[in-house]
>>> print(open('coords-v9.txt').read())   # compact mmCIF, C-alpha atoms and all ligand atoms
# COMPACT_ATOMS: atom_id res chain seq x y z
CA MET A 1 117.77 78.65 84.48
CA SER A 2 120.43 81.33 84.47
CA ILE A 3 120.50 83.66 87.43
CA ARG A 4 121.65 86.41 85.09
CA PRO A 5 118.79 88.66 84.07
CA THR A 6 117.57 87.89 80.58
CA VAL A 7 114.93 90.59 80.34
CA PRO A 8 115.21 91.63 76.71
CA GLU A 9 113.95 95.17 76.62
CA LYS A 10 116.28 98.16 76.72
CA SER A 11 115.44 100.34 79.68
CA LEU A 12 116.92 103.76 80.33
CA THR A 13 116.88 103.10 84.08
CA ASP A 14 119.55 100.44 83.50
CA LEU A 15 122.04 102.96 82.15
CA SER A 16 124.67 104.80 84.10
CA ARG A 17 125.06 108.45 83.26
CA ALA A 18 128.22 107.63 81.27
CA ALA A 19 126.46 104.86 79.31
CA LEU A 20 123.54 107.17 78.57
CA ARG A 21 125.92 109.84 77.27
CA GLU A 22 127.55 107.26 75.03
CA ARG A 23 124.22 106.19 73.53
CA VAL A 24 123.10 109.74 72.98
CA THR A 25 126.34 110.93 71.40
CA ALA A 26 126.33 107.81 69.20
CA LEU A 27 123.04 109.14 67.82
CA GLY A 28 124.96 112.28 66.79
CA LEU A 29 123.46 114.40 69.57
CA PRO A 30 125.20 116.69 72.05
CA ARG A 31 126.04 115.39 75.52
CA TYR A 32 123.72 117.79 77.32
CA ARG A 33 120.79 115.95 75.78
CA ALA A 34 121.84 112.87 77.76
CA ASP A 35 121.92 114.95 80.94
CA GLN A 36 118.43 116.22 80.24
CA ILE A 37 117.16 112.69 79.72
CA PHE A 38 118.95 111.54 82.89
CA LYS A 39 117.09 114.16 84.95
CA TRP A 40 113.74 113.29 83.45
CA VAL A 41 114.19 109.63 84.17
CA PHE A 42 115.95 109.57 87.53
CA GLN A 43 115.02 112.88 89.17
CA LYS A 44 111.54 113.60 87.90
CA GLY A 45 110.74 109.90 87.56
CA ILE A 46 108.70 110.26 84.39
CA ARG A 47 107.76 107.03 82.59
CA ASP A 48 106.76 108.42 79.23
CA PHE A 49 108.95 109.99 76.52
CA ASP A 50 106.21 112.51 75.70
CA ALA A 51 106.69 114.12 79.11
CA MET A 52 110.28 115.12 78.21
CA THR A 53 109.07 118.50 77.08
CA ASP A 54 112.47 120.19 76.63
CA LEU A 55 113.64 117.53 74.16
CA PRO A 56 112.94 117.79 70.45
CA LYS A 57 110.10 115.55 69.41
CA ALA A 58 112.38 113.84 66.89
CA LEU A 59 114.80 112.78 69.64
CA ARG A 60 111.99 111.34 71.75
CA GLN A 61 110.83 109.45 68.69
CA THR A 62 114.36 108.17 67.98
CA LEU A 63 114.62 106.73 71.48
CA ALA A 64 111.26 105.04 71.20
CA ASP A 65 111.99 103.72 67.69
CA ASP A 66 115.31 102.37 68.92
CA GLY A 67 113.38 100.15 71.36
CA TRP A 68 114.07 102.07 74.58
CA THR A 69 111.63 102.17 77.48
CA ILE A 70 111.77 104.00 80.80
CA GLY A 71 111.83 101.39 83.53
CA ARG A 72 110.88 97.77 83.27
CA VAL A 73 108.68 97.25 86.32
CA THR A 74 105.11 98.04 87.27
CA LEU A 75 103.75 98.78 90.70
CA GLU A 76 101.07 96.13 90.94
CA ARG A 77 99.75 96.44 94.46
CA VAL A 78 100.30 98.37 97.67
CA ALA A 79 99.31 96.73 100.95
CA VAL A 80 99.00 99.09 103.90
CA SER A 81 99.59 97.85 107.45
CA VAL A 82 97.74 99.14 110.50
CA ASP A 83 101.08 100.67 111.59
CA GLY A 84 101.50 102.61 108.33
CA THR A 85 104.03 100.26 106.71
CA ARG A 86 103.41 99.90 102.99
CA LYS A 87 104.37 96.78 101.07
CA LEU A 88 104.80 97.26 97.34
CA VAL A 89 104.37 94.31 95.04
CA ILE A 90 106.40 95.11 91.95
CA ARG A 91 105.92 93.10 88.78
CA LEU A 92 108.96 92.46 86.61
CA GLN A 93 108.87 92.30 82.86
CA ASP A 94 109.50 88.56 82.73
CA GLY A 95 106.63 87.77 85.07
CA GLY A 96 108.25 87.50 88.50
CA ALA A 97 107.41 89.82 91.37
CA VAL A 98 109.61 91.41 93.99
CA GLU A 99 108.54 93.24 97.11
CA SER A 100 109.77 96.50 98.54
CA VAL A 101 108.65 98.00 101.82
CA LEU A 102 108.13 101.59 102.94
CA ILE A 103 108.72 101.72 106.69
CA PRO A 104 107.36 104.77 108.55
CA MET A 105 109.99 106.40 110.75
CA GLY A 106 107.81 109.20 112.13
CA GLU A 107 107.34 112.83 111.13
CA GLY A 108 106.50 111.98 107.53
CA ARG A 109 109.75 110.16 106.91
CA PHE A 110 110.04 106.68 105.44
CA THR A 111 112.86 104.19 104.97
CA GLN A 112 112.54 102.11 101.82
CA CYS A 113 113.63 98.50 101.94
CA LEU A 114 114.82 97.33 98.51
CA SER A 115 115.07 93.89 96.96
CA SER A 116 118.19 92.89 95.06
CA GLN A 117 117.25 89.46 93.74
CA LEU A 118 114.18 87.46 92.83
CA GLY A 119 114.41 84.96 95.70
CA CYS A 120 117.73 84.14 97.35
CA ALA A 121 120.27 81.33 97.01
CA LEU A 122 121.64 81.40 100.54
CA ASP A 123 118.95 79.32 102.19
CA CYS A 124 119.03 80.81 105.69
CA LYS A 125 116.67 78.61 107.65
CA PHE A 126 114.81 81.43 109.43
CA CYS A 127 114.06 83.49 106.30
CA PHE A 128 111.00 83.11 104.09
CA THR A 129 112.79 84.50 101.02
CA GLY A 130 115.41 81.79 101.54
CA THR A 131 112.78 79.07 101.09
CA LEU A 132 112.09 80.33 97.56
CA GLY A 133 115.56 79.66 96.16
CA LEU A 134 117.06 82.08 93.66
CA SER A 135 115.30 82.73 90.38
CA ARG A 136 117.59 85.51 89.21
CA HIS A 137 119.50 88.67 90.00
CA LEU A 138 117.73 92.01 89.51
CA THR A 139 119.31 94.45 87.07
CA ALA A 140 120.56 97.82 88.30
CA GLY A 141 117.54 99.37 86.58
CA GLU A 142 115.11 97.08 88.37
CA ILE A 143 116.65 98.15 91.68
CA VAL A 144 116.46 101.86 90.84
CA ASP A 145 112.93 101.32 89.44
CA GLN A 146 111.78 100.26 92.92
CA VAL A 147 112.73 103.71 94.23
CA LEU A 148 111.13 105.49 91.28
CA VAL A 149 107.79 103.61 91.35
CA ALA A 150 107.55 103.93 95.14
CA ARG A 151 106.89 107.63 94.67
CA GLY A 152 103.38 106.66 93.68
CA ALA A 153 102.89 104.90 97.01
CA VAL A 154 104.35 107.45 99.44
CA PRO A 155 101.68 109.42 101.31
CA GLU A 156 101.27 113.05 100.24
CA GLY A 157 103.96 115.27 101.75
CA ALA A 158 106.07 112.39 103.10
CA VAL A 159 109.67 111.68 102.07
CA VAL A 160 111.76 108.55 101.71
CA ASP A 161 115.07 109.60 103.24
CA HIS A 162 116.84 106.26 103.71
CA LEU A 163 117.32 103.22 101.49
CA VAL A 164 118.20 99.81 102.91
CA PHE A 165 119.04 96.71 100.88
CA MET A 166 117.22 94.42 103.29
CA GLY A 167 114.44 93.12 101.08
CA MET A 168 114.51 89.95 99.01
CA GLY A 169 117.91 88.61 98.09
CA GLU A 170 121.55 88.85 99.08
CA PRO A 171 122.80 92.16 97.66
CA LEU A 172 126.45 91.15 97.63
CA HIS A 173 125.67 87.99 95.64
CA ASN A 174 124.37 90.41 92.98
CA PHE A 175 127.35 92.69 93.52
CA ASP A 176 127.76 94.27 90.07
CA HIS A 177 124.12 95.25 89.58
CA VAL A 178 123.78 96.51 93.15
CA VAL A 179 126.90 98.65 92.87
CA ALA A 180 125.73 99.90 89.46
CA SER A 181 122.38 100.96 90.98
CA LEU A 182 124.24 103.17 93.47
CA GLY A 183 125.41 105.43 90.62
CA PRO A 184 121.99 106.85 89.71
CA LEU A 185 120.64 106.54 93.27
CA THR A 186 123.37 108.83 94.64
CA ASP A 187 123.53 111.19 91.64
CA PRO A 188 122.46 114.75 92.52
CA ASP A 189 120.61 114.83 89.19
CA GLY A 190 118.81 111.61 90.17
CA PRO A 191 117.18 110.62 93.47
CA GLY A 192 120.27 112.15 95.07
CA TYR A 193 120.68 109.92 98.15
CA SER A 194 123.89 110.52 100.02
CA PRO A 195 125.74 107.19 100.50
CA ARG A 196 125.34 107.76 104.25
CA ARG A 197 121.61 107.29 103.76
CA ILE A 198 122.04 103.94 102.04
CA THR A 199 122.68 100.67 103.88
CA ILE A 200 123.60 97.34 102.33
CA SER A 201 122.87 94.31 104.47
CA THR A 202 124.74 91.08 103.86
CA SER A 203 124.72 87.57 105.24
CA GLY A 204 128.51 87.75 105.18
CA LEU A 205 130.12 87.20 101.76
CA VAL A 206 133.65 88.07 102.82
CA PRO A 207 135.35 88.79 99.44
CA GLN A 208 132.44 91.01 98.40
CA ILE A 209 132.52 92.87 101.73
CA ASP A 210 136.17 93.67 101.00
CA ALA A 211 135.28 94.71 97.45
CA LEU A 212 132.39 96.92 98.61
CA GLY A 213 134.72 98.73 101.00
CA GLN A 214 136.85 99.66 98.00
CA VAL A 215 134.06 100.97 95.76
CA ALA A 216 131.25 102.56 97.75
CA PRO A 217 131.11 104.50 101.03
CA VAL A 218 127.62 103.20 101.91
CA ASN A 219 126.70 101.83 105.33
CA LEU A 220 127.22 98.14 105.90
CA ALA A 221 125.00 95.84 107.95
CA ILE A 222 126.02 92.27 108.72
CA SER A 223 123.57 89.51 109.56
CA LEU A 224 125.59 87.72 112.21
CA ASN A 225 122.71 85.88 113.89
CA ALA A 226 124.79 83.43 115.95
CA THR A 227 127.87 83.38 118.13
CA THR A 228 129.21 79.88 117.46
CA ASP A 229 130.05 78.32 114.10
CA GLU A 230 128.03 75.28 115.07
CA VAL A 231 124.78 77.26 115.44
CA ARG A 232 125.50 79.69 112.60
CA GLU A 233 126.24 76.87 110.20
CA ARG A 234 122.93 75.26 111.08
CA ILE A 235 120.85 78.38 110.46
CA MET A 236 123.02 80.02 107.77
CA PRO A 237 124.71 77.54 105.40
CA ILE A 238 126.99 80.34 104.11
CA ASN A 239 128.89 80.04 107.40
CA LYS A 240 130.59 76.89 106.05
CA ARG A 241 132.28 79.08 103.42
CA TYR A 242 132.92 82.10 105.62
CA PRO A 243 132.96 81.18 109.30
CA ILE A 244 132.48 83.71 112.08
CA ALA A 245 136.18 84.45 112.64
CA GLU A 246 136.70 85.29 108.95
CA LEU A 247 133.61 87.47 108.91
CA ILE A 248 134.66 89.41 112.01
CA ALA A 249 138.14 89.85 110.51
CA ALA A 250 136.52 91.36 107.39
CA LEU A 251 134.59 93.80 109.61
CA ARG A 252 137.78 94.78 111.40
CA ARG A 253 139.50 95.70 108.13
CA TYR A 254 136.45 97.39 106.58
CA PRO A 255 137.38 101.00 105.74
CA LEU A 256 134.67 102.61 107.82
CA PRO A 257 134.50 106.39 107.45
CA PRO A 258 135.23 108.27 110.70
CA ARG A 259 132.43 108.43 113.29
CA ARG A 260 130.37 105.85 111.45
CA LYS A 261 129.22 102.53 112.81
CA LEU A 262 128.68 99.14 111.23
CA THR A 263 125.33 97.58 111.96
CA VAL A 264 125.31 94.04 113.30
CA GLU A 265 121.96 92.37 112.85
CA TYR A 266 121.06 89.53 115.14
CA VAL A 267 117.83 87.61 114.59
CA LEU A 268 116.75 86.21 117.94
CA LEU A 269 115.46 82.65 117.68
CA GLY A 270 113.93 81.34 120.90
CA GLY A 271 116.11 78.64 122.49
CA VAL A 272 118.58 78.66 119.57
CA ASN A 273 120.78 81.77 119.86
CA ASP A 274 119.21 83.87 122.62
CA THR A 275 120.87 82.66 125.83
CA ASP A 276 122.93 84.72 128.26
CA ALA A 277 125.99 82.84 127.02
CA ASP A 278 125.19 84.02 123.47
CA ALA A 279 124.88 87.63 124.62
CA GLN A 280 128.24 87.26 126.38
CA ARG A 281 129.91 85.76 123.30
CA LEU A 282 128.39 88.39 121.02
CA GLY A 283 129.81 91.14 123.20
CA ASP A 284 133.21 89.42 123.13
CA LEU A 285 133.21 88.91 119.36
CA LEU A 286 132.47 92.56 118.64
CA ARG A 287 134.90 94.02 121.16
CA GLY A 288 136.70 97.07 119.79
CA LEU A 289 134.53 97.38 116.67
CA SER A 290 132.50 100.50 116.01
CA VAL A 291 129.06 98.87 115.81
CA ARG A 292 125.42 99.30 116.51
CA ILE A 293 123.69 96.03 117.35
CA ASN A 294 120.22 95.53 115.98
CA LEU A 295 118.30 92.70 117.64
CA ILE A 296 115.47 91.31 115.52
CA PRO A 297 113.07 88.95 117.32
CA TRP A 298 112.19 86.33 114.73
CA ASN A 299 109.22 87.13 112.50
CA PRO A 300 107.36 83.90 112.06
CA PHE A 301 106.22 82.08 108.95
CA GLN A 302 105.03 78.53 108.63
CA GLY A 303 107.55 75.77 108.31
CA PRO A 304 110.95 76.11 109.91
CA GLY A 305 109.84 75.46 113.48
CA PHE A 306 111.54 78.42 115.13
CA ALA A 307 109.94 80.51 117.86
CA ARG A 308 110.02 84.15 118.72
CA PRO A 309 111.76 84.56 122.08
CA ALA A 310 109.72 85.84 125.02
CA ASP A 311 109.92 89.60 125.62
CA ASP A 312 111.84 89.21 128.90
CA ARG A 313 114.50 87.13 127.08
CA VAL A 314 114.89 89.88 124.48
CA ARG A 315 115.16 92.40 127.30
CA ALA A 316 117.84 90.38 129.14
CA PHE A 317 119.87 89.97 125.94
CA HIS A 318 119.56 93.66 125.23
CA GLN A 319 120.54 94.65 128.78
CA HIS A 320 123.63 92.48 128.80
CA LEU A 321 125.01 94.22 125.70
CA ASP A 322 123.83 97.59 126.87
CA ARG A 323 125.73 97.21 130.15
CA ARG A 324 128.86 96.49 128.17
CA GLY A 325 128.55 99.83 126.45
CA TYR A 326 127.15 98.76 123.09
CA THR A 327 124.53 100.75 121.24
CA VAL A 328 121.65 98.28 120.94
CA THR A 329 118.28 98.64 119.31
CA VAL A 330 115.45 96.14 119.02
CA ARG A 331 113.80 96.16 115.64
CA GLY A 332 110.03 96.32 115.86
CA THR A 333 107.59 94.23 113.94
CA LYS A 334 106.41 96.86 111.53
CA GLY A 335 104.34 95.43 108.71
CA ILE A 336 103.97 91.99 110.28
CA ASP A 337 100.21 91.90 109.55
CA ILE A 338 100.86 92.24 105.81
CA ASP A 339 103.90 89.89 105.71
CA ALA A 340 106.17 92.88 105.19
CA ALA A 341 108.44 92.47 108.21
CA CYS A 342 112.07 91.31 107.92
CA GLY A 343 112.42 87.90 106.37
CA GLN A 344 108.77 87.62 105.38
CA LEU A 345 109.06 88.88 101.82
CA GLY A 346 108.19 86.79 98.79
CA GLU A 347 105.06 85.67 97.01
CA ARG A 348 103.10 83.03 98.92
CA PRO A 349 101.81 80.15 96.79
CA ASP A 350 98.29 81.09 97.89
CA ALA A 351 98.74 84.78 97.02
CA ALA A 352 96.03 86.21 94.81
N1 LIG A 401 120.29 89.04 102.43
C1 LIG A 401 120.61 90.13 103.27
C2 LIG A 401 119.53 91.18 103.33
C3 LIG A 401 118.11 90.72 103.39
S1 LIG A 401 117.60 89.96 104.88
C4 LIG A 401 120.96 89.65 104.65
O1 LIG A 401 120.74 88.49 104.94
O2 LIG A 401 121.50 90.44 105.42
C5 LIG A 401 117.48 91.35 106.00
C6 LIG A 401 117.55 90.96 107.47
O3 LIG A 401 116.40 90.21 107.87
C7 LIG A 401 118.77 90.08 107.82
O4 LIG A 401 119.44 90.60 108.94
C8 LIG A 401 118.14 88.74 108.17
O5 LIG A 401 118.96 88.07 109.11
C9 LIG A 401 116.81 89.16 108.72
N2 LIG A 401 115.76 88.13 108.68
C10 LIG A 401 115.56 87.20 107.74
N3 LIG A 401 114.46 86.45 108.04
C11 LIG A 401 113.96 86.93 109.20
C12 LIG A 401 112.84 86.60 110.00
N4 LIG A 401 111.98 85.64 109.65
N5 LIG A 401 112.62 87.32 111.12
C13 LIG A 401 113.45 88.33 111.47
N6 LIG A 401 114.51 88.71 110.74
C14 LIG A 401 114.78 88.01 109.62
FE1 LIG A 402 118.94 85.45 101.67
FE2 LIG A 402 119.28 87.32 103.58
FE3 LIG A 402 117.15 85.64 103.61
FE4 LIG A 402 119.60 84.69 104.11
S1 LIG A 402 118.46 86.21 105.34
S2 LIG A 402 118.05 83.73 102.79
S3 LIG A 402 120.84 85.91 102.73
S4 LIG A 402 117.58 87.18 102.09
>>> encode(input="coords-v9.txt", output="structure tokens")
Amino acid sequence: MSIRPTVPEKSLTDLSRAALRERVTALGLPRYRADQIFKWVFQKGIRDFDAMTDLPKALRQTLADDGWTIGRVTLERVAVSVDGTRKLVIRLQDGGAVESVLIPMGEGRFTQCLSSQLGCALDCKFCFTGTLGLSRHLTAGEIVDQVLVARGAVPEGAVVDHLVFMGMGEPLHNFDHVVASLGPLTDPDGPGYSPRRITISTSGLVPQIDALGQVAPVNLAISLNATTDEVRERIMPINKRYPIAELIAALRRYPLPPRRKLTVEYVLLGGVNDTDADAQRLGDLLRGLSVRINLIPWNPFQGPGFARPADDRVRAFHQHLDRRGYTVTVRGTKGIDIDAACGQLGERPDAA
């Protein structure tokens, strides 16, 4: 099966503003009509042509007759965790489902975790999504749709003020669609997220990291997860292609805007990569880089035989890096009761 999306229907959420203008002017209509449609779709998030009340009825009809729809996903289910995390199960037009997570950050603010692929090809041994393999890339529209449909799942009065590409899939493997989704997501006439409020997390595809640095000033997070090639190769097969030294070199040449930090994610696997020697090597590897280190104690799922490290091990690891002057945070386990924590996303075979 091709990993390229083959969803047949034409969806307006897949169009950039320029592409939308082209379609609209090709219908013999003025450009401002495209801008009106853009706002309805991406800012107001309407899903029905009839709601576009400032457009002539005939134009709405033309779009519908021409086979256009608004969005190609449906919000199928929202699971709510005891800690307020909300997991959205989003059904795609061709039958698959992706998950997106709303993570409460306090004071009515949420961070939305977006999926970029249906499954993932990179086969990291500690990640549930990795066990699924890759079915296909998501289109730009299917990525933007996750943000638009989430509005129906955000508690009254709350706002989603950050987007992170940390859901299912490797965003930089689906580079073109992910970059295309940033157009509408950052457009002031759309959801209007500043690129500083968007983070793309990658397992370390070096050429695409370089390419991203050239096209989009979003935040970058790197899943480093080990300090020796031997261990990293074992838990992240991609390390055979892009070993640690090459990855760190890519971070050193990344055109980071002033006063910003890269995020280095480090999944702590008990007895595998959580020793004092690892903490020492991690500190050495990152020396001189402007980074924030995010430690993520492993979120379990059945199968791979890893263990979550004990709390005092996490603390010791944290303290070592802290003493060396790094900014270190430990990611909590939000959503763990509904399989919405990092690395737990993907339909279980026994799911209803
Ligand atoms: N593919 C991208 C983004 C999705 S994974 C990437 O790998 O960066 C988002 C984060 O979750 C990554 O840092 C990954 O290392 C981490 N992760 C994956 N499985 C996990 C698990 N079971 N427990 C804790 N973190 C996990
Ligand atoms: Fe894919 Fe990221 Fe999971 Fe690795 S950690 S399998 S790259 S989603």
>>> atom_distance(input="coords-v9.txt", atom1="CA of Asp65 in chain A", atom2="CA of Arg23 in chain A")
13.8 Å
>>> residues_near_ligand(input="coords-v9.txt", ligand="ligand LIG 401 (chain A)", cutoff="9 Å", atoms="only C-alpha atoms and all ligand atoms", output="MDAnalysis selection string")
chainID A and resid 114:116 120 122 124:130 164:173 200:204 221:225 264:269 294:301 308 331 333 341:345
>>> closest_residue(input="coords-v9.txt", among="A:Leu285, A:Gln61, A:Gly133, A:Val272", to="ligand LIG 402 (chain A)", atoms="only C-alpha atoms and all ligand atoms")
A:Gly133
>>> atom_distance(input="coords-v9.txt", atom1="CA of Ile3 in chain A", atom2="CA of His137 in chain A")
5.7 Å
>>> closest_residue(input="coords-v9.txt", among="A:Ala226, A:Ala153, A:Val41, A:Val291", to="Ile90 in chain A", atoms="all atoms listed in the file")
A:Ala153
>>> closest_residue(input="coords-v9.txt", among="A:Ala310, A:Leu321, A:Leu262, A:Leu55", to="Arg292 in chain A", atoms="only C-alpha atoms")
A:Leu262
>>> atom_distance(input="coords-v9.txt", atom1="CA of Pro184 in chain A", atom2="CA of Thr139 in chain A")
13.0 Å
>>> residues_around(input="coords-v9.txt", residues="Val80 in chain A", least_positions_apart="5", cutoff="9 Å", atoms="all atoms listed in the file", output="mmCIF file with C-alpha atoms, keeping the file's coordinate frame")
data_model
loop_
_atom_site.group_PDB
_atom_site.id
_atom_site.type_symbol
_atom_site.label_atom_id
_atom_site.label_comp_id
_atom_site.auth_asym_id
_atom_site.auth_seq_id
_atom_site.Cartn_x
_atom_site.Cartn_y
_atom_site.Cartn_z
ATOM 1 C CA THR A 85 104.030 100.260 106.710
ATOM 2 C CA ARG A 86 103.410 99.900 102.990
ATOM 3 C CA LYS A 87 104.370 96.780 101.070
ATOM 4 C CA LEU A 88 104.800 97.260 97.340
ATOM 5 C CA GLY A 335 104.340 95.430 108.710
ATOM 6 C CA ILE A 338 100.860 92.240 105.810
#
>>> residues_near_point(input="coords-v9.txt", point="(116.3, 113.8, 90.1)", cutoff="7 Å", atoms="only C-alpha atoms", output="number ranges by chain")
A: 39, 42-44, 188-192
>>> write_last_selection(input="coords-v9.txt", atoms="C-alpha atoms", output="short mmCIF file (atom, residue, chain, number, x, y, z; two decimals), in the coordinates of the input")
data_model
loop_
_atom_site.label_atom_id
_atom_site.label_comp_id
_atom_site.auth_asym_id
_atom_site.auth_seq_id
_atom_site.Cartn_x
_atom_site.Cartn_y
_atom_site.Cartn_z
CA LYS A 39 117.09 114.16 84.95
CA PHE A 42 115.95 109.57 87.53
CA GLN A 43 115.02 112.88 89.17
CA LYS A 44 111.54 113.60 87.90
CA PRO A 188 122.46 114.75 92.52
CA ASP A 189 120.61 114.83 89.19
CA GLY A 190 118.81 111.61 90.17
CA PRO A 191 117.18 110.62 93.47
CA GLY A 192 120.27 112.15 95.07
#
>>> residues_around(input="coords-v9.txt", residues="range 157-162 of chain A", least_positions_apart="5", cutoff="6 Å", atoms="all atoms listed in the file", output="JSON, numbers by chain")
{"A": [108, 109, 110, 111, 197, 198]}
>>> axis_aligned_box(input="coords-v9.txt", around="ligand LIG 402 (chain A)", padding_each_side="8 Å", output="JSON")
{"center_x": 119.0, "center_y": 85.5, "center_z": 103.5, "size_x": 19.7, "size_y": 19.6, "size_z": 19.7}
>>> closest_residue(input="coords-v9.txt", among="A:Thr53, A:Gln93, A:Ser100, A:Gln319", to="Ser11 in chain A", atoms="all atoms listed in the file")
A:Gln93
>>> residues_around(input="coords-v9.txt", residues="Asp322 in chain A", least_positions_apart="4", cutoff="12 Å", atoms="all atoms listed in the file", output="VMD selection string")
chain A and resid 279 to 280 282 to 283 292 to 295 315 to 318 326 to 330
>>> build_atoms(input="coords-v9.txt", residues="range 312-324 of chain A", atoms="N, CA, C and O atoms", output="PDB file, keeping the file's coordinate frame")
ATOM      1  N   ASP A 312     110.854  89.004 127.829  1.00  0.00           N
ATOM      2  CA  ASP A 312     111.840  89.210 128.900  1.00  0.00           C
ATOM      3  C   ASP A 312     113.209  88.650 128.502  1.00  0.00           C
ATOM      4  O   ASP A 312     114.251  89.117 128.946  1.00  0.00           O
ATOM      5  N   ARG A 313     113.227  87.665 127.611  1.00  0.00           N
ATOM      6  CA  ARG A 313     114.500  87.130 127.080  1.00  0.00           C
ATOM      7  C   ARG A 313     115.171  88.189 126.194  1.00  0.00           C
ATOM      8  O   ARG A 313     116.365  88.445 126.288  1.00  0.00           O
ATOM      9  N   VAL A 314     114.366  88.821 125.353  1.00  0.00           N
ATOM     10  CA  VAL A 314     114.890  89.880 124.480  1.00  0.00           C
ATOM     11  C   VAL A 314     115.466  90.995 125.344  1.00  0.00           C
ATOM     12  O   VAL A 314     116.571  91.497 125.093  1.00  0.00           O
ATOM     13  N   ARG A 315     114.713  91.333 126.400  1.00  0.00           N
ATOM     14  CA  ARG A 315     115.160  92.400 127.300  1.00  0.00           C
ATOM     15  C   ARG A 315     116.487  92.044 127.965  1.00  0.00           C
ATOM     16  O   ARG A 315     117.408  92.854 128.034  1.00  0.00           O
ATOM     17  N   ALA A 316     116.607  90.806 128.443  1.00  0.00           N
ATOM     18  CA  ALA A 316     117.840  90.380 129.140  1.00  0.00           C
ATOM     19  C   ALA A 316     119.026  90.428 128.175  1.00  0.00           C
ATOM     20  O   ALA A 316     120.125  90.862 128.538  1.00  0.00           O
ATOM     21  N   PHE A 317     118.814  89.972 126.957  1.00  0.00           N
ATOM     22  CA  PHE A 317     119.870  89.970 125.940  1.00  0.00           C
ATOM     23  C   PHE A 317     120.343  91.397 125.669  1.00  0.00           C
ATOM     24  O   PHE A 317     121.527  91.702 125.641  1.00  0.00           O
ATOM     25  N   HIS A 318     119.346  92.247 125.488  1.00  0.00           N
ATOM     26  CA  HIS A 318     119.560  93.660 125.230  1.00  0.00           C
ATOM     27  C   HIS A 318     120.373  94.284 126.373  1.00  0.00           C
ATOM     28  O   HIS A 318     121.384  94.952 126.164  1.00  0.00           O
ATOM     29  N   GLN A 319     119.909  94.004 127.616  1.00  0.00           N
ATOM     30  CA  GLN A 319     120.540  94.650 128.780  1.00  0.00           C
ATOM     31  C   GLN A 319     121.986  94.234 128.945  1.00  0.00           C
ATOM     32  O   GLN A 319     122.845  95.039 129.284  1.00  0.00           O
ATOM     33  N   HIS A 320     122.255  92.951 128.665  1.00  0.00           N
ATOM     34  CA  HIS A 320     123.630  92.480 128.800  1.00  0.00           C
ATOM     35  C   HIS A 320     124.572  93.307 127.923  1.00  0.00           C
ATOM     36  O   HIS A 320     125.614  93.773 128.364  1.00  0.00           O
ATOM     37  N   LEU A 321     124.152  93.495 126.652  1.00  0.00           N
ATOM     38  CA  LEU A 321     125.010  94.220 125.700  1.00  0.00           C
ATOM     39  C   LEU A 321     125.067  95.704 126.021  1.00  0.00           C
ATOM     40  O   LEU A 321     126.098  96.358 125.877  1.00  0.00           O
ATOM     41  N   ASP A 322     123.938  96.192 126.470  1.00  0.00           N
ATOM     42  CA  ASP A 322     123.830  97.590 126.870  1.00  0.00           C
ATOM     43  C   ASP A 322     124.809  97.902 128.007  1.00  0.00           C
ATOM     44  O   ASP A 322     125.546  98.885 127.971  1.00  0.00           O
ATOM     45  N   ARG A 323     124.831  97.017 128.989  1.00  0.00           N
ATOM     46  CA  ARG A 323     125.730  97.210 130.150  1.00  0.00           C
ATOM     47  C   ARG A 323     127.189  97.218 129.738  1.00  0.00           C
ATOM     48  O   ARG A 323     128.022  97.825 130.382  1.00  0.00           O
ATOM     49  N   ARG A 324     127.463  96.524 128.626  1.00  0.00           N
ATOM     50  CA  ARG A 324     128.860  96.490 128.170  1.00  0.00           C
ATOM     51  C   ARG A 324     129.195  97.673 127.272  1.00  0.00           C
ATOM     52  O   ARG A 324     130.253  97.714 126.663  1.00  0.00           O
TER      53      ARG A 324
END
